[in-house]
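Chemist: The following block contains the structure, expressed as structure tokens.
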Amino acid sequence: MSSTVGRLSLRTSALLALLALAGCATGGMTSAECSSANWYDVGYRDARYKMQSRVDQYADQCGRHGVSVDAARYEQGLREGRYDFPDRMT
């Protein structure tokens, strides 16, 4: 019985974590974040966390605040981050 409770608790915890992450992802960037963003660093961070390019999402989010994204700098950071943090099967 405790094994079943443990699995249920683990599943519940995982579900709550996913919901929390989804909530963060849908919030978007604020006007201040868009205005002060170092787009190279944003791209580099996304590469470090193995994300695909999100430049279109950032452009949409920041465009709502009247801020344009430096897509070239973002892509440069993404490219260099992928070089510094390659996928490794170890």
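Residue numbering restarts at 1 in every chain; chains get A, B, ... in the order shown in the structure tokens, and ligands count up from 1 in that same order.
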Using only C-alpha atoms, which protein or nucleic acid residues come within 12 Å of Glu33 in chain A? Drop anything in the same chain fewer than 2 positions from it, and give the result as a PyMOL selection string.

Modeler: chain A and resi 28-31+35-39+42+58+61-62+65+67-69

Chemist: Using the selection just defined, write its residues with N, CA and C atoms as a PDB file, in the first residue's frame.

Modeler:
ATOM      1  N   GLY A  28       5.223  35.254 -20.383  1.00  0.00           N
ATOM      2  CA  GLY A  28       5.916  36.126 -21.307  1.00  0.00           C
ATOM      3  C   GLY A  28       6.837  37.097 -20.595  1.00  0.00           C
ATOM      4  N   MET A  29       7.515  37.877 -21.393  1.00  0.00           N
ATOM      5  CA  MET A  29       8.454  38.858 -20.860  1.00  0.00           C
ATOM      6  C   MET A  29       7.727  40.172 -20.589  1.00  0.00           C
ATOM      7  N   THR A  30       8.148  40.834 -19.530  1.00  0.00           N
ATOM      8  CA  THR A  30       7.585  42.143 -19.206  1.00  0.00           C
ATOM      9  C   THR A  30       8.231  43.209 -20.080  1.00  0.00           C
ATOM     10  N   SER A  31       7.668  44.385 -20.066  1.00  0.00           N
ATOM     11  CA  SER A  31       8.227  45.503 -20.818  1.00  0.00           C
ATOM     12  C   SER A  31       9.658  45.797 -20.361  1.00  0.00           C
ATOM     13  N   SER A  35      13.038  45.502 -22.630  1.00  0.00           N
ATOM     14  CA  SER A  35      13.855  46.699 -22.848  1.00  0.00           C
ATOM     15  C   SER A  35      15.293  46.519 -22.409  1.00  0.00           C
ATOM     16  N   SER A  36      15.501  45.745 -21.357  1.00  0.00           N
ATOM     17  CA  SER A  36      16.853  45.598 -20.810  1.00  0.00           C
ATOM     18  C   SER A  36      17.547  44.306 -21.228  1.00  0.00           C
ATOM     19  N   ALA A  37      16.892  43.501 -22.051  1.00  0.00           N
ATOM     20  CA  ALA A  37      17.448  42.192 -22.406  1.00  0.00           C
ATOM     21  C   ALA A  37      18.745  42.312 -23.196  1.00  0.00           C
ATOM     22  N   ASN A  38      19.702  41.494 -22.836  1.00  0.00           N
ATOM     23  CA  ASN A  38      20.902  41.301 -23.637  1.00  0.00           C
ATOM     24  C   ASN A  38      20.588  40.074 -24.488  1.00  0.00           C
ATOM     25  N   TRP A  39      20.258  40.287 -25.752  1.00  0.00           N
ATOM     26  CA  TRP A  39      19.726  39.198 -26.572  1.00  0.00           C
ATOM     27  C   TRP A  39      20.741  38.103 -26.835  1.00  0.00           C
ATOM     28  N   VAL A  42      20.420  35.961 -23.751  1.00  0.00           N
ATOM     29  CA  VAL A  42      19.166  35.206 -23.771  1.00  0.00           C
ATOM     30  C   VAL A  42      19.316  33.985 -24.683  1.00  0.00           C
ATOM     31  N   TYR A  58       9.875  35.496 -28.465  1.00  0.00           N
ATOM     32  CA  TYR A  58      10.339  36.721 -27.820  1.00  0.00           C
ATOM     33  C   TYR A  58       9.903  37.951 -28.621  1.00  0.00           C
ATOM     34  N   GLN A  61       6.234  38.504 -27.878  1.00  0.00           N
ATOM     35  CA  GLN A  61       6.033  39.002 -26.511  1.00  0.00           C
ATOM     36  C   GLN A  61       6.505  40.443 -26.376  1.00  0.00           C
ATOM     37  N   CYS A  62       7.693  40.737 -26.891  1.00  0.00           N
ATOM     38  CA  CYS A  62       8.252  42.077 -26.738  1.00  0.00           C
ATOM     39  C   CYS A  62       7.589  43.066 -27.689  1.00  0.00           C
ATOM     40  N   HIS A  65       4.976  45.122 -26.284  1.00  0.00           N
ATOM     41  CA  HIS A  65       5.431  46.247 -25.458  1.00  0.00           C
ATOM     42  C   HIS A  65       6.126  47.312 -26.310  1.00  0.00           C
ATOM     43  N   VAL A  67       8.797  46.818 -28.152  1.00  0.00           N
ATOM     44  CA  VAL A  67      10.245  46.608 -28.100  1.00  0.00           C
ATOM     45  C   VAL A  67      10.620  45.570 -29.153  1.00  0.00           C
ATOM     46  N   SER A  68      11.648  45.861 -29.931  1.00  0.00           N
ATOM     47  CA  SER A  68      12.073  44.895 -30.940  1.00  0.00           C
ATOM     48  C   SER A  68      13.220  44.041 -30.396  1.00  0.00           C
ATOM     49  N   VAL A  69      13.277  42.827 -30.886  1.00  0.00           N
ATOM     50  CA  VAL A  69      14.301  41.865 -30.488  1.00  0.00           C
ATOM     51  C   VAL A  69      15.457  41.955 -31.477  1.00  0.00           C
TER      52      VAL A  69
END

Chemist: Identify, on the basis of only C-alpha atoms, every residue whose closest approach to Gly77 in chain A does not exceed 8 Å; exclude the query and any residue fewer than 5 positions from it along the same chain; express the result as a PDB file with C-alpha atoms, in the first residue's frame.

Modeler:
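File written: selection27.pdb
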ATOM      1  CA  TRP A  39      19.726  39.198 -26.572  1.00  0.00           C
ATOM      2  CA  TYR A  40      23.063  37.418 -26.935  1.00  0.00           C
ATOM      3  CA  ASP A  41      22.792  36.263 -23.306  1.00  0.00           C
ATOM      4  CA  VAL A  42      19.166  35.206 -23.771  1.00  0.00           C
ATOM      5  CA  GLY A  43      20.132  33.059 -26.780  1.00  0.00           C
ATOM      6  CA  TYR A  44      23.126  31.619 -24.951  1.00  0.00           C
ATOM      7  CA  ARG A  45      20.952  30.716 -21.949  1.00  0.00           C
ATOM      8  CA  ALA A  47      21.133  26.959 -25.780  1.00  0.00           C
TER       9      ALA A  47
END

Chemist: Do a neighbour search on Arg48 in chain A at 9 Å with only C-alpha atoms, toss out local chain neighbours closer than 3 positions, and write the hits as a ChimeraX atom specification.

Modeler: /A:43-45,51,78,81-82,84-86

Chemist: Would you export the selected residues with C-alpha atoms as an mmCIF file, in the first residue's frame, please?

Modeler:
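Contents of out28.cif, as written:
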data_model
loop_
_atom_site.group_PDB
_atom_site.id
_atom_site.type_symbol
_atom_site.label_atom_id
_atom_site.label_comp_id
_atom_site.auth_asym_id
_atom_site.auth_seq_id
_atom_site.Cartn_x
_atom_site.Cartn_y
_atom_site.Cartn_z
ATOM 1 C CA GLY A 43 20.132 33.059 -26.780
ATOM 2 C CA TYR A 44 23.126 31.619 -24.951
ATOM 3 C CA ARG A 45 20.952 30.716 -21.949
ATOM 4 C CA MET A 51 15.953 24.876 -26.058
ATOM 5 C CA LEU A 78 22.174 30.478 -29.360
ATOM 6 C CA GLY A 81 25.862 28.344 -26.587
ATOM 7 C CA ARG A 82 25.184 25.192 -28.578
ATOM 8 C CA ASP A 84 29.858 25.447 -25.684
ATOM 9 C CA PHE A 85 27.179 23.042 -24.384
ATOM 10 C CA PRO A 86 26.873 20.237 -26.936
#

Chemist: For Val55 in chain A, work out the shell of residues within 8 Å, counting only C-alpha atoms and skipping chain neighbours fewer than 5 positions away, then give it as a PyMOL selection string.

Modeler: chain A and resi 69+71+74-75

Chemist: Kindly export the residues of the current selection with N, CA and C atoms, as a compact mmCIF listing (two decimals), in the first residue's frame.

Modeler:
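This is the output file part-v8.txt:
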# COMPACT_ATOMS: atom_id res chain seq x y z
N VAL A 69 13.28 42.83 -30.89
CA VAL A 69 14.30 41.87 -30.49
C VAL A 69 15.46 41.96 -31.48
N ALA A 71 17.38 39.93 -33.24
CA ALA A 71 17.38 38.52 -33.62
C ALA A 71 18.78 38.02 -33.98
N TYR A 74 20.59 37.36 -30.73
CA TYR A 74 19.99 36.17 -30.10
C TYR A 74 20.51 34.91 -30.77
N GLU A 75 20.45 34.87 -32.09
CA GLU A 75 20.89 33.67 -32.83
C GLU A 75 22.38 33.43 -32.65

Chemist: Given the choices A:Arg73, A:Arg79, A:Arg11, A:Arg64, which gets closest to Lys50 in chain A if the distance is worked out from only C-alpha atoms?

Modeler: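 Answer, going by the shortest atom-to-atom distance: A:Arg79.
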
Chemist: Which one is closest to Ala32 in chain A: A:Gln57, A:Gly66, A:Glu80, A:Gln52? Count only C-alpha atoms.

Modeler: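 Of A:Gln57, A:Gly66, A:Glu80, A:Gln52, the one nearest Ala32 in chain A, counting only C-alpha atoms, is A:Gly66.
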